[in-house]
$ cat upload_5.cif   # mmCIF, C-alpha atoms and all ligand atoms
data_final
loop_
_atom_site.group_PDB
_atom_site.id
_atom_site.type_symbol
_atom_site.label_atom_id
_atom_site.label_comp_id
_atom_site.auth_asym_id
_atom_site.auth_seq_id
_atom_site.Cartn_x
_atom_site.Cartn_y
_atom_site.Cartn_z
ATOM 1 C CA MET A 2 -36.392 -59.317 30.529
ATOM 2 C CA THR A 3 -37.024 -56.801 33.320
ATOM 3 C CA GLN A 4 -35.265 -53.500 32.753
ATOM 4 C CA THR A 5 -33.347 -52.006 35.696
ATOM 5 C CA THR A 6 -35.005 -48.667 36.026
ATOM 6 C CA PRO A 7 -34.824 -46.182 38.905
ATOM 7 C CA GLU A 8 -38.438 -47.159 39.749
ATOM 8 C CA ASN A 9 -37.849 -50.889 40.229
ATOM 9 C CA GLN A 10 -34.527 -50.216 42.003
ATOM 10 C CA VAL A 11 -36.506 -48.291 44.596
ATOM 11 C CA ARG A 12 -39.049 -51.118 44.742
ATOM 12 C CA ARG A 13 -36.306 -53.647 45.619
ATOM 13 C CA GLN A 14 -35.256 -51.741 48.737
ATOM 14 C CA ARG A 15 -36.634 -52.603 52.141
ATOM 15 C CA ALA A 16 -39.504 -50.605 53.536
ATOM 16 C CA GLN A 17 -38.192 -47.457 55.148
ATOM 17 C CA ILE A 18 -39.712 -47.822 58.627
ATOM 18 C CA LYS A 19 -37.904 -46.201 61.534
ATOM 19 C CA VAL A 20 -39.126 -48.562 64.292
ATOM 20 C CA ARG A 21 -37.918 -52.166 64.405
ATOM 21 C CA THR A 22 -41.435 -53.519 63.882
ATOM 22 C CA LEU A 23 -45.028 -52.382 63.812
ATOM 23 C CA ARG A 24 -46.207 -55.611 65.389
ATOM 24 C CA THR A 25 -47.938 -55.247 68.740
ATOM 25 C CA ASP A 26 -48.405 -58.951 69.580
ATOM 26 C CA SER A 27 -45.943 -61.076 71.613
ATOM 27 C CA TRP A 28 -43.784 -61.913 68.576
ATOM 28 C CA TRP A 29 -40.692 -62.212 70.791
ATOM 29 C CA LEU A 30 -42.121 -65.067 72.870
ATOM 30 C CA ALA A 31 -41.578 -67.901 70.352
ATOM 31 C CA PRO A 32 -37.907 -67.042 69.648
ATOM 32 C CA LEU A 33 -37.281 -66.562 73.371
ATOM 33 C CA LEU A 34 -38.747 -69.983 74.244
ATOM 34 C CA THR A 35 -36.805 -71.531 71.379
ATOM 35 C CA PHE A 36 -33.615 -69.917 72.650
ATOM 36 C CA LEU A 37 -34.186 -71.259 76.164
ATOM 37 C CA GLY A 38 -35.170 -74.741 74.943
ATOM 38 C CA LEU A 39 -32.259 -75.185 72.555
ATOM 39 C CA SER A 40 -29.796 -73.682 75.059
ATOM 40 C CA SER A 41 -30.894 -76.131 77.745
ATOM 41 C CA PHE A 42 -30.412 -78.996 75.286
ATOM 42 C CA LEU A 43 -26.893 -77.798 74.458
ATOM 43 C CA VAL A 44 -25.925 -77.344 78.115
ATOM 44 C CA TYR A 45 -27.348 -80.733 79.073
ATOM 45 C CA GLY A 46 -25.692 -82.451 76.094
ATOM 46 C CA PHE A 47 -22.311 -80.923 76.963
ATOM 47 C CA TRP A 48 -22.599 -82.142 80.553
ATOM 48 C CA ALA A 49 -23.839 -85.610 79.540
ATOM 49 C CA ILE A 50 -21.018 -86.225 77.076
ATOM 50 C CA PHE A 51 -18.441 -85.789 79.854
ATOM 51 C CA ASP A 52 -20.424 -87.576 82.551
ATOM 52 C CA GLY A 53 -19.066 -91.053 83.253
ATOM 53 C CA SER A 54 -22.317 -92.636 84.595
ATOM 54 C CA TYR A 55 -23.811 -93.701 81.274
ATOM 55 C CA PHE A 56 -24.438 -97.401 81.883
ATOM 56 C CA VAL A 57 -26.285 -99.490 84.426
ATOM 57 C CA ASP A 58 -27.268 -102.949 83.283
ATOM 58 C CA PRO A 59 -29.488 -103.226 81.189
ATOM 59 C CA TYR A 60 -29.740 -99.495 80.420
ATOM 60 C CA ILE A 61 -27.378 -97.352 78.412
ATOM 61 C CA ALA A 62 -27.831 -93.585 78.231
ATOM 62 C CA PRO A 63 -28.803 -92.501 74.665
ATOM 63 C CA PHE A 64 -26.178 -89.713 74.533
ATOM 64 C CA SER A 65 -23.444 -92.354 74.902
ATOM 65 C CA SER A 66 -24.876 -94.986 72.577
ATOM 66 C CA PRO A 67 -23.490 -96.703 70.567
ATOM 67 C CA CYS A 68 -20.513 -97.048 72.912
ATOM 68 C CA LEU A 69 -17.592 -97.858 70.610
ATOM 69 C CA ALA A 70 -14.477 -97.036 72.628
ATOM 70 C CA THR A 71 -12.213 -99.483 74.441
ATOM 71 C CA SER A 72 -12.822 -97.398 77.567
ATOM 72 C CA CYS A 73 -16.572 -98.185 77.488
ATOM 73 C CA THR A 74 -17.838 -99.602 80.759
ATOM 74 C CA GLU A 75 -18.028 -103.399 80.871
ATOM 75 C CA GLY A 76 -21.296 -104.473 79.218
ATOM 76 C CA ALA A 77 -21.908 -101.092 77.563
ATOM 77 C CA ARG A 78 -20.016 -101.786 74.331
ATOM 78 C CA PHE A 79 -22.258 -101.953 71.285
ATOM 79 C CA LEU A 80 -22.094 -105.590 70.049
ATOM 80 C CA GLY A 81 -18.696 -105.832 71.743
ATOM 81 C CA LEU A 82 -17.160 -103.580 69.073
ATOM 82 C CA THR A 83 -14.206 -101.280 69.834
ATOM 83 C CA PRO A 84 -13.179 -99.958 66.425
ATOM 84 C CA PHE A 85 -11.202 -97.059 67.878
ATOM 85 C CA GLY A 86 -8.748 -99.163 69.860
ATOM 86 C CA ASP A 87 -6.704 -98.192 72.905
ATOM 87 C CA TRP A 88 -5.493 -94.881 71.541
ATOM 88 C CA TYR A 89 -8.887 -93.276 72.047
ATOM 89 C CA THR A 90 -9.139 -92.083 75.646
ATOM 90 C CA LEU A 91 -11.737 -89.292 75.457
ATOM 91 C CA PRO A 92 -15.374 -89.848 76.579
ATOM 92 C CA PRO A 93 -17.104 -92.451 74.338
ATOM 93 C CA GLY A 94 -20.069 -90.121 73.732
ATOM 94 C CA LEU A 95 -17.797 -87.665 71.882
ATOM 95 C CA LEU A 96 -17.238 -90.243 69.138
ATOM 96 C CA ILE A 97 -20.840 -90.314 68.006
ATOM 97 C CA LEU A 98 -21.949 -86.817 68.995
ATOM 98 C CA GLY A 99 -21.564 -85.500 65.431
ATOM 99 C CA LEU A 100 -24.132 -87.871 63.922
ATOM 100 C CA PRO A 101 -27.335 -86.942 65.762
ATOM 101 C CA GLY A 102 -25.899 -83.450 66.376
ATOM 102 C CA GLY A 103 -25.239 -82.852 62.679
ATOM 103 C CA PHE A 104 -28.655 -84.216 61.764
ATOM 104 C CA ARG A 105 -30.451 -81.813 64.079
ATOM 105 C CA LEU A 106 -28.173 -78.894 63.289
ATOM 106 C CA THR A 107 -28.921 -79.155 59.554
ATOM 107 C CA CYS A 108 -32.638 -80.039 59.962
ATOM 108 C CA TYR A 109 -34.911 -77.618 58.094
ATOM 109 C CA TYR A 110 -37.046 -77.024 61.169
ATOM 110 C CA TYR A 111 -34.108 -76.433 63.541
ATOM 111 C CA ARG A 112 -32.491 -74.139 61.000
ATOM 112 C CA LYS A 113 -35.574 -71.946 61.013
ATOM 113 C CA SER A 114 -35.675 -71.935 64.794
ATOM 114 C CA TYR A 115 -32.054 -71.143 65.516
ATOM 115 C CA TYR A 116 -31.782 -68.614 62.702
ATOM 116 C CA ARG A 117 -34.638 -66.823 64.444
ATOM 117 C CA ALA A 118 -33.720 -67.397 68.091
ATOM 118 C CA PHE A 119 -29.911 -67.110 67.994
ATOM 119 C CA TRP A 120 -29.085 -65.069 64.887
ATOM 120 C CA LEU A 121 -32.228 -62.909 64.881
ATOM 121 C CA SER A 122 -32.290 -63.347 61.146
ATOM 122 C CA PRO A 123 -35.066 -62.233 61.505
ATOM 123 C CA SER A 124 -36.505 -63.089 64.909
ATOM 124 C CA ALA A 125 -40.067 -63.112 63.548
ATOM 125 C CA CYS A 126 -42.040 -62.149 60.456
ATOM 126 C CA ALA A 127 -42.204 -58.402 59.876
ATOM 127 C CA VAL A 128 -39.513 -57.712 62.484
ATOM 128 C CA GLN A 129 -36.372 -55.992 61.269
ATOM 129 C CA GLU A 130 -33.183 -57.996 61.611
ATOM 130 C CA PRO A 131 -29.941 -56.444 62.856
ATOM 131 C CA HIS A 132 -27.905 -57.736 59.890
ATOM 132 C CA GLY A 133 -27.105 -55.418 57.030
ATOM 133 C CA LYS A 134 -27.402 -57.999 54.256
ATOM 134 C CA TYR A 135 -28.832 -61.433 53.580
ATOM 135 C CA THR A 136 -26.906 -64.085 51.696
ATOM 136 C CA GLY A 137 -29.073 -67.104 52.512
ATOM 137 C CA GLU A 138 -27.507 -70.558 52.372
ATOM 138 C CA THR A 139 -25.739 -70.135 49.075
ATOM 139 C CA ARG A 140 -22.241 -69.457 50.424
ATOM 140 C CA PHE A 141 -19.695 -70.829 52.884
ATOM 141 C CA PRO A 142 -20.360 -71.838 55.638
ATOM 142 C CA LEU A 143 -24.150 -72.191 55.401
ATOM 143 C CA ILE A 144 -23.967 -73.939 52.050
ATOM 144 C CA PHE A 145 -22.942 -76.989 54.070
ATOM 145 C CA GLN A 146 -26.505 -77.190 55.375
ATOM 146 C CA ASN A 147 -27.157 -79.063 52.133
ATOM 147 C CA ILE A 148 -25.488 -82.189 53.504
ATOM 148 C CA HIS A 149 -28.602 -82.776 55.593
ATOM 149 C CA ARG A 150 -29.687 -85.690 53.387
ATOM 150 C CA TYR A 151 -26.492 -87.594 54.229
ATOM 151 C CA PHE A 152 -26.997 -86.984 57.929
ATOM 152 C CA PHE A 153 -30.454 -88.481 57.449
ATOM 153 C CA TYR A 154 -28.927 -91.850 56.497
ATOM 154 C CA LEU A 155 -26.610 -91.727 59.531
ATOM 155 C CA ALA A 156 -29.513 -90.752 61.789
ATOM 156 C CA LEU A 157 -31.352 -93.887 60.661
ATOM 157 C CA VAL A 158 -28.414 -95.929 61.972
ATOM 158 C CA ILE A 159 -28.496 -94.099 65.316
ATOM 159 C CA GLY A 160 -32.265 -94.659 65.511
ATOM 160 C CA GLY A 161 -31.636 -98.378 64.911
ATOM 161 C CA VAL A 162 -29.049 -98.497 67.716
ATOM 162 C CA LEU A 163 -31.403 -96.767 70.177
ATOM 163 C CA THR A 164 -34.134 -99.249 69.217
ATOM 164 C CA TYR A 165 -31.718 -102.115 69.838
ATOM 165 C CA ASP A 166 -30.900 -100.655 73.301
ATOM 166 C CA ALA A 167 -34.611 -100.379 74.093
ATOM 167 C CA ILE A 168 -35.269 -103.982 73.011
ATOM 168 C CA LEU A 169 -32.380 -105.247 75.173
ATOM 169 C CA ALA A 170 -33.812 -103.350 78.146
ATOM 170 C CA LEU A 171 -37.256 -104.812 77.409
ATOM 171 C CA ILE A 172 -35.863 -108.355 77.381
ATOM 172 C CA HIS A 173 -33.923 -107.962 80.629
ATOM 173 C CA LYS A 174 -36.155 -105.600 82.589
ATOM 174 C CA PRO A 175 -39.622 -105.506 81.015
ATOM 175 C CA LEU A 176 -41.230 -103.643 83.900
ATOM 176 C CA GLY A 177 -38.491 -101.074 84.422
ATOM 177 C CA VAL A 178 -39.362 -97.394 84.108
ATOM 178 C CA GLY A 179 -36.075 -96.931 82.247
ATOM 179 C CA THR A 180 -37.111 -99.559 79.694
ATOM 180 C CA TRP A 181 -40.276 -97.679 78.812
ATOM 181 C CA LEU A 182 -38.476 -94.356 78.676
ATOM 182 C CA LEU A 183 -35.983 -95.886 76.218
ATOM 183 C CA ILE A 184 -38.840 -97.353 74.144
ATOM 184 C CA LEU A 185 -40.712 -94.046 74.074
ATOM 185 C CA ASN A 186 -37.521 -92.294 73.086
ATOM 186 C CA ALA A 187 -36.800 -94.755 70.250
ATOM 187 C CA VAL A 188 -40.347 -94.306 68.897
ATOM 188 C CA LEU A 189 -40.123 -90.507 68.995
ATOM 189 C CA ILE A 190 -36.643 -90.489 67.471
ATOM 190 C CA PHE A 191 -37.883 -92.619 64.568
ATOM 191 C CA ALA A 192 -41.031 -90.515 64.144
ATOM 192 C CA TYR A 193 -38.874 -87.374 63.976
ATOM 193 C CA THR A 194 -36.287 -88.978 61.677
ATOM 194 C CA LEU A 195 -38.804 -90.466 59.231
ATOM 195 C CA GLY A 196 -40.697 -87.178 59.069
ATOM 196 C CA CYS A 197 -37.568 -85.512 57.672
ATOM 197 C CA HIS A 198 -38.054 -83.494 54.470
ATOM 198 C CA SER A 199 -35.232 -85.488 52.890
ATOM 199 C CA CYS A 200 -37.046 -88.735 53.664
ATOM 200 C CA ARG A 201 -40.168 -87.363 52.018
ATOM 201 C CA HIS A 202 -38.157 -86.627 48.918
ATOM 202 C CA ILE A 203 -36.447 -90.032 49.037
ATOM 203 C CA THR A 204 -39.782 -91.858 49.201
ATOM 204 C CA ALA A 205 -41.483 -90.065 46.329
ATOM 205 C CA GLY A 206 -39.202 -87.453 44.796
ATOM 206 C CA ARG A 207 -38.855 -87.450 40.983
ATOM 207 C CA LEU A 208 -41.953 -89.607 40.477
ATOM 208 C CA ASN A 209 -44.319 -88.562 37.729
ATOM 209 C CA HIS A 210 -47.031 -91.145 38.400
ATOM 210 C CA PHE A 211 -47.966 -92.248 41.898
ATOM 211 C CA SER A 212 -50.309 -94.841 40.381
ATOM 212 C CA ARG A 213 -47.322 -96.754 38.990
ATOM 213 C CA HIS A 214 -45.514 -96.819 42.349
ATOM 214 C CA PRO A 215 -48.091 -97.844 44.981
ATOM 215 C CA VAL A 216 -45.500 -98.839 47.604
ATOM 216 C CA ARG A 217 -43.631 -95.569 47.318
ATOM 217 C CA TYR A 218 -46.913 -93.707 47.344
ATOM 218 C CA LYS A 219 -47.941 -95.455 50.571
ATOM 219 C CA ALA A 220 -44.555 -94.707 52.143
ATOM 220 C CA TRP A 221 -44.841 -91.083 51.056
ATOM 221 C CA THR A 222 -48.300 -90.681 52.618
ATOM 222 C CA ILE A 223 -47.013 -92.016 55.956
ATOM 223 C CA VAL A 224 -43.880 -89.878 55.845
ATOM 224 C CA SER A 225 -45.969 -86.839 54.872
ATOM 225 C CA LYS A 226 -48.165 -87.273 57.949
ATOM 226 C CA LEU A 227 -45.074 -87.345 60.151
ATOM 227 C CA ASN A 228 -43.624 -84.445 58.199
ATOM 228 C CA ALA A 229 -46.691 -82.330 58.999
ATOM 229 C CA LYS A 230 -45.833 -82.790 62.699
ATOM 230 C CA HIS A 231 -42.101 -82.346 62.242
ATOM 231 C CA GLN A 232 -41.816 -79.332 64.529
ATOM 232 C CA GLN A 233 -43.680 -81.036 67.374
ATOM 233 C CA LEU A 234 -41.693 -84.244 66.886
ATOM 234 C CA ALA A 235 -38.432 -82.291 66.860
ATOM 235 C CA TRP A 236 -39.215 -80.935 70.337
ATOM 236 C CA ALA A 237 -40.777 -84.141 71.676
ATOM 237 C CA SER A 238 -37.815 -86.269 70.602
ATOM 238 C CA MET A 239 -35.372 -83.700 71.944
ATOM 239 C CA PHE A 240 -36.975 -83.814 75.381
ATOM 240 C CA SER A 241 -37.409 -87.596 75.275
ATOM 241 C CA VAL A 242 -33.731 -88.148 74.533
ATOM 242 C CA MET A 243 -32.742 -85.762 77.333
ATOM 243 C CA GLY A 244 -35.251 -87.326 79.748
ATOM 244 C CA ALA A 245 -34.247 -90.941 79.021
ATOM 245 C CA ASP A 246 -30.564 -90.039 79.158
ATOM 246 C CA LEU A 247 -30.896 -88.230 82.492
ATOM 247 C CA TYR A 248 -32.970 -91.054 83.952
ATOM 248 C CA VAL A 249 -30.360 -93.703 83.109
ATOM 249 C CA ARG A 250 -27.587 -91.538 84.566
ATOM 250 C CA LEU A 251 -29.523 -90.972 87.793
ATOM 251 C CA VAL A 252 -30.046 -94.726 88.139
ATOM 252 C CA ALA A 253 -26.366 -95.345 87.359
ATOM 253 C CA LYS A 254 -25.356 -92.830 90.035
ATOM 254 C CA GLY A 255 -27.634 -94.518 92.598
ATOM 255 C CA ILE A 256 -29.858 -91.448 92.950
ATOM 256 C CA ILE A 257 -32.860 -93.430 91.666
ATOM 257 C CA LEU A 258 -32.878 -96.865 93.247
ATOM 258 C CA PHE A 259 -33.316 -100.041 91.304
ATOM 259 C CA PRO A 260 -36.427 -101.999 92.259
ATOM 260 C CA TYR A 261 -38.478 -99.122 90.878
ATOM 261 C CA ALA A 262 -36.108 -98.113 88.119
HETATM 262 FE FE1 LIG B 301 -35.808 -81.994 60.001
HETATM 263 FE FE2 LIG B 301 -34.696 -83.504 58.061
HETATM 264 S S1 LIG B 301 -35.824 -81.705 57.869
HETATM 265 S S2 LIG B 301 -34.762 -83.866 60.194
#
$ encode --input "upload_5.cif" --output "C-alpha cells" --more "lines below"
Ligand code: FES
Amino acid sequence: MTQTTPENQVRRQRAQIKVRTLRTDSWWLAPLLTFLGLSSFLVYGFWAIFDGSYFVDPYIAPFSSPCLATSCTEGARFLGLTPFGDWYTLPPGLLILGLPGGFRLTCYYYRKSYYRAFWLSPSACAVQEPHGKYTGETRFPLIFQNIHRYFFYLALVIGGVLTYDAILALIHKPLGVGTWLLILNAVLIFAYTLGCHSCRHITAGRLNHFSRHPVRYKAWTIVSKLNAKHQQLAWASMFSVMGADLYVRLVAKGIILFPYA
C-alpha cells in the first residue's frame, strides 16, 4: 500500500502555474463552436416546442412526434392514440421532449462537449478550469448521468416513430423534399442512436468468446463502426432533426409552397 508521505502529497497537487494555460494554439475555438452549436439547438428546440405549425399532411415535424395529446391537429396523432386525455392542454411536443432530450443530455459525447463548453470543466486539455475542486460524476446530481442506458431504449422507440413518419411521407408524397428530409433524418438518428456506447456494451458486453457468439460479434462490429463516428453523427443528427423540423413548419405555415415541398 502506498504510504502518505509529504513527498507524494506534494505530487498529488496540481502544477503551480500562474497563467491559465501555456497553450498557444486556438484551444478556445472548439468549445466556442460547441457552445454556439448547442445553444442554437436549445433556442430552436424551445421555439419549436411552442410553435403550433407542426403538421401538414403527410409531414409531421420531428420535434412534435409522436403526437399523443388530444389537442393534436387532425391527422397528426400517432396511430390515433391520445393516452393523455382532455386534461392535457399544453403543447404536444412537451410530452415527449424528455426522451430524446434526456438521451442527448446524458450521452457520453455530449457530456464531454457541454462540460467543456458550458461549465469550462476544463474547456480544453492543459487549460486551467475555474472550479476549485473536481468531484466527477460520483455524486448528486451528475450521478444521474448513469441512467443513459435506459434513455437508449427510449431513444430506440423515438427512432422507430420517426422512421414510421418518414415511411408514411414516402407513401403519400414520394417526390416531396420534406419526405427525403424526414428519411435522411431517420437514418441519421438511427446511426447516432445505434452508435451509442451503451449499445456497444449491450451487443457484446460481458462476452468472453466472440467465436461462440457470431451474431453478437457481427452486431458489435457494426455498432463499433458507428461508435467511432459518434461525435460526427451527434452533430449531423442534431442538424438533420432541426432542419427537417424547420422545413415541415415552414411548409405548414405556407412559407414554402406545396408543389415543390
Ligand atoms: Fe452518445 Fe449513448 S453515448 S448516445
$ residues_around --input "upload_5.cif" --residues "Pro32 in chain A" --least-positions-apart "3" --cutoff "10 Å" --atoms "all atoms listed in the file" --output "NGL selection string"
:A and (28-29 or 35-38 or 114-119 or 121 or 123-125)
$ resolve_selection --input "upload_5.cif" --expression "the PyMOL selection byres (((chain A and resi 69) around 12) and not hetatm)" --output "MDAnalysis selection string"
chainID A and resid 65:68 70:87 89:98 162
$ closest_atom_pairs --input "upload_5.cif" --of "chain A" --to "ligand LIG 301 (chain B)" --cutoff "12 Å" --atoms "all atoms listed in the file" --output "tab-separated table"
residue	atom	partner	partner_atom	distance
A:Leu100	CA	B:LIG301	S2	12.0
A:Pro101	CA	B:LIG301	S2	9.8
A:Gly102	CA	B:LIG301	S2	10.8
A:Gly103	CA	B:LIG301	S2	9.9
A:Phe104	CA	B:LIG301	S2	6.3
A:Arg105	CA	B:LIG301	S2	6.2
A:Leu106	CA	B:LIG301	S2	8.8
A:Thr107	CA	B:LIG301	FE2	7.4
A:Cys108	CA	B:LIG301	FE1	3.7
A:Tyr109	CA	B:LIG301	S1	4.2
A:Tyr110	CA	B:LIG301	FE1	5.3
A:Tyr111	CA	B:LIG301	FE1	6.8
A:Arg112	CA	B:LIG301	FE1	8.6
A:Lys113	CA	B:LIG301	FE1	10.1
A:Ser114	CA	B:LIG301	FE1	11.1
A:Gln146	CA	B:LIG301	S1	10.7
A:Asn147	CA	B:LIG301	FE2	10.6
A:Ile148	CA	B:LIG301	FE2	10.4
A:His149	CA	B:LIG301	FE2	6.6
A:Arg150	CA	B:LIG301	FE2	7.2
A:Tyr151	CA	B:LIG301	FE2	9.9
A:Phe152	CA	B:LIG301	FE2	8.4
A:Phe153	CA	B:LIG301	FE2	6.6
A:Tyr154	CA	B:LIG301	FE2	10.3
A:Leu155	CA	B:LIG301	S2	11.3
A:Ala156	CA	B:LIG301	S2	8.8
A:Leu157	CA	B:LIG301	S2	10.6
A:Ile190	CA	B:LIG301	S2	10.0
A:Phe191	CA	B:LIG301	S2	10.3
A:Ala192	CA	B:LIG301	S2	10.0
A:Tyr193	CA	B:LIG301	S2	6.6
A:Thr194	CA	B:LIG301	S2	5.5
A:Leu195	CA	B:LIG301	S2	7.8
A:Gly196	CA	B:LIG301	S2	6.9
A:Cys197	CA	B:LIG301	FE2	3.5
A:His198	CA	B:LIG301	S1	4.4
A:Ser199	CA	B:LIG301	FE2	5.6
A:Cys200	CA	B:LIG301	FE2	7.2
A:Arg201	CA	B:LIG301	FE2	9.0
A:His202	CA	B:LIG301	FE2	10.3
A:Ile203	CA	B:LIG301	FE2	11.3
A:Val224	CA	B:LIG301	FE2	11.4
A:Ser225	CA	B:LIG301	S1	11.8
A:Leu227	CA	B:LIG301	FE1	10.7
A:Asn228	CA	B:LIG301	S1	8.3
A:Ala229	CA	B:LIG301	FE1	10.9
A:Lys230	CA	B:LIG301	FE1	10.4
A:His231	CA	B:LIG301	FE1	6.7
A:Gln232	CA	B:LIG301	FE1	8.0
A:Gln233	CA	B:LIG301	FE1	10.8
A:Leu234	CA	B:LIG301	FE1	9.3
A:Ala235	CA	B:LIG301	FE1	7.3
A:Trp236	CA	B:LIG301	FE1	10.9
A:Ser238	CA	B:LIG301	S2	11.1
A:Met239	CA	B:LIG301	S2	11.8
$ atom_distance --input "upload_5.cif" --atom1 "CA of Val44 in chain A" --atom2 "CA of Tyr60 in chain A"
22.6 Å
$ resolve_selection --input "upload_5.cif" --expression "the PyMOL selection byres (((chain A and resi 174) around 12) and not hetatm)" --output "PyMOL selection string"
chain A and resi 57-60+166-173+175-181+183+259-262
$ atom_distance --input "upload_5.cif" --atom1 "CA of Ile184 in chain A" --atom2 "CA of Tyr165 in chain A"
9.6 Å
$ closest_residue --input "upload_5.cif" --among "A:Thr222, A:Phe42, A:Val252, A:Thr136" --to "Thr204 in chain A" --atoms "all atoms listed in the file"
A:Thr222
$ atom_distance --input "upload_5.cif" --atom1 "CA of Leu189 in chain A" --atom2 "CA of Phe64 in chain A"
15.0 Å
$ resolve_selection --input "upload_5.cif" --expression "the PyMOL selection byres (((chain A and resi 247) around 12) and not hetatm)" --output "number ranges by chain"
A: 42, 45-46, 48-50, 52, 54-56, 60-65, 179, 182-183, 240-246, 248-254, 256-257
$ build_atoms --input "upload_5.cif" --residues "range 210-217 of chain A" --atoms "all heavy atoms" --output "PDB file, keeping the file's coordinate frame"
ATOM      1  N   HIS A 210     -45.738 -90.471  38.282  1.00  0.00           N
ATOM      2  CA  HIS A 210     -47.031 -91.145  38.400  1.00  0.00           C
ATOM      3  C   HIS A 210     -47.071 -91.956  39.685  1.00  0.00           C
ATOM      4  O   HIS A 210     -46.458 -93.012  39.772  1.00  0.00           O
ATOM      5  CB  HIS A 210     -47.251 -92.109  37.218  1.00  0.00           C
ATOM      6  CG  HIS A 210     -47.107 -91.435  35.896  1.00  0.00           C
ATOM      7  ND1 HIS A 210     -48.104 -90.653  35.361  1.00  0.00           N
ATOM      8  CD2 HIS A 210     -46.083 -91.421  35.020  1.00  0.00           C
ATOM      9  CE1 HIS A 210     -47.682 -90.174  34.193  1.00  0.00           C
ATOM     10  NE2 HIS A 210     -46.472 -90.621  33.976  1.00  0.00           N
ATOM     11  N   PHE A 211     -47.800 -91.476  40.665  1.00  0.00           N
ATOM     12  CA  PHE A 211     -47.966 -92.248  41.898  1.00  0.00           C
ATOM     13  C   PHE A 211     -48.624 -93.590  41.611  1.00  0.00           C
ATOM     14  O   PHE A 211     -48.331 -94.594  42.240  1.00  0.00           O
ATOM     15  CB  PHE A 211     -48.838 -91.484  42.896  1.00  0.00           C
ATOM     16  CG  PHE A 211     -48.058 -90.519  43.749  1.00  0.00           C
ATOM     17  CD1 PHE A 211     -48.561 -89.257  44.026  1.00  0.00           C
ATOM     18  CD2 PHE A 211     -46.834 -90.878  44.294  1.00  0.00           C
ATOM     19  CE1 PHE A 211     -47.852 -88.374  44.822  1.00  0.00           C
ATOM     20  CE2 PHE A 211     -46.121 -89.999  45.100  1.00  0.00           C
ATOM     21  CZ  PHE A 211     -46.636 -88.753  45.352  1.00  0.00           C
ATOM     22  N   SER A 212     -49.545 -93.612  40.651  1.00  0.00           N
ATOM     23  CA  SER A 212     -50.309 -94.841  40.381  1.00  0.00           C
ATOM     24  C   SER A 212     -49.402 -95.992  39.946  1.00  0.00           C
ATOM     25  O   SER A 212     -49.744 -97.148  40.139  1.00  0.00           O
ATOM     26  CB  SER A 212     -51.356 -94.578  39.302  1.00  0.00           C
ATOM     27  OG  SER A 212     -50.715 -94.060  38.157  1.00  0.00           O
ATOM     28  N   ARG A 213     -48.233 -95.679  39.411  1.00  0.00           N
ATOM     29  CA  ARG A 213     -47.322 -96.754  38.990  1.00  0.00           C
ATOM     30  C   ARG A 213     -46.376 -97.190  40.112  1.00  0.00           C
ATOM     31  O   ARG A 213     -45.558 -98.079  39.921  1.00  0.00           O
ATOM     32  CB  ARG A 213     -46.480 -96.281  37.801  1.00  0.00           C
ATOM     33  CG  ARG A 213     -47.307 -96.120  36.551  1.00  0.00           C
ATOM     34  CD  ARG A 213     -46.407 -95.841  35.381  1.00  0.00           C
ATOM     35  NE  ARG A 213     -47.188 -95.223  34.317  1.00  0.00           N
ATOM     36  CZ  ARG A 213     -46.689 -94.496  33.351  1.00  0.00           C
ATOM     37  NH1 ARG A 213     -45.388 -94.265  33.297  1.00  0.00           N
ATOM     38  NH2 ARG A 213     -47.462 -93.982  32.423  1.00  0.00           N
ATOM     39  N   HIS A 214     -46.422 -96.497  41.230  1.00  0.00           N
ATOM     40  CA  HIS A 214     -45.514 -96.819  42.349  1.00  0.00           C
ATOM     41  C   HIS A 214     -46.308 -96.856  43.654  1.00  0.00           C
ATOM     42  O   HIS A 214     -46.130 -95.986  44.519  1.00  0.00           O
ATOM     43  CB  HIS A 214     -44.405 -95.766  42.443  1.00  0.00           C
ATOM     44  CG  HIS A 214     -43.605 -95.630  41.186  1.00  0.00           C
ATOM     45  ND1 HIS A 214     -42.516 -96.423  40.914  1.00  0.00           N
ATOM     46  CD2 HIS A 214     -43.780 -94.813  40.118  1.00  0.00           C
ATOM     47  CE1 HIS A 214     -42.031 -96.082  39.732  1.00  0.00           C
ATOM     48  NE2 HIS A 214     -42.772 -95.113  39.224  1.00  0.00           N
ATOM     49  N   PRO A 215     -47.206 -97.840  43.804  1.00  0.00           N
ATOM     50  CA  PRO A 215     -48.091 -97.844  44.981  1.00  0.00           C
ATOM     51  C   PRO A 215     -47.348 -97.953  46.306  1.00  0.00           C
ATOM     52  O   PRO A 215     -47.767 -97.364  47.306  1.00  0.00           O
ATOM     53  CB  PRO A 215     -48.988 -99.072  44.749  1.00  0.00           C
ATOM     54  CG  PRO A 215     -48.272 -99.898  43.739  1.00  0.00           C
ATOM     55  CD  PRO A 215     -47.454 -98.964  42.906  1.00  0.00           C
ATOM     56  N   VAL A 216     -46.223 -98.690  46.333  1.00  0.00           N
ATOM     57  CA  VAL A 216     -45.500 -98.839  47.604  1.00  0.00           C
ATOM     58  C   VAL A 216     -44.864 -97.507  47.995  1.00  0.00           C
ATOM     59  O   VAL A 216     -44.968 -97.053  49.148  1.00  0.00           O
ATOM     60  CB  VAL A 216     -44.418 -99.945  47.481  1.00  0.00           C
ATOM     61  CG1 VAL A 216     -43.590-100.034  48.755  1.00  0.00           C
ATOM     62  CG2 VAL A 216     -45.084-101.287  47.190  1.00  0.00           C
ATOM     63  N   ARG A 217     -44.253 -96.859  47.011  1.00  0.00           N
ATOM     64  CA  ARG A 217     -43.631 -95.569  47.318  1.00  0.00           C
ATOM     65  C   ARG A 217     -44.701 -94.536  47.679  1.00  0.00           C
ATOM     66  O   ARG A 217     -44.486 -93.677  48.527  1.00  0.00           O
ATOM     67  CB  ARG A 217     -42.771 -95.102  46.139  1.00  0.00           C
ATOM     68  CG  ARG A 217     -41.514 -95.959  45.992  1.00  0.00           C
ATOM     69  CD  ARG A 217     -40.618 -95.460  44.890  1.00  0.00           C
ATOM     70  NE  ARG A 217     -40.000 -94.177  45.210  1.00  0.00           N
ATOM     71  CZ  ARG A 217     -39.215 -93.512  44.380  1.00  0.00           C
ATOM     72  NH1 ARG A 217     -38.921 -94.020  43.198  1.00  0.00           N
ATOM     73  NH2 ARG A 217     -38.702 -92.358  44.734  1.00  0.00           N
TER      74      ARG A 217
END
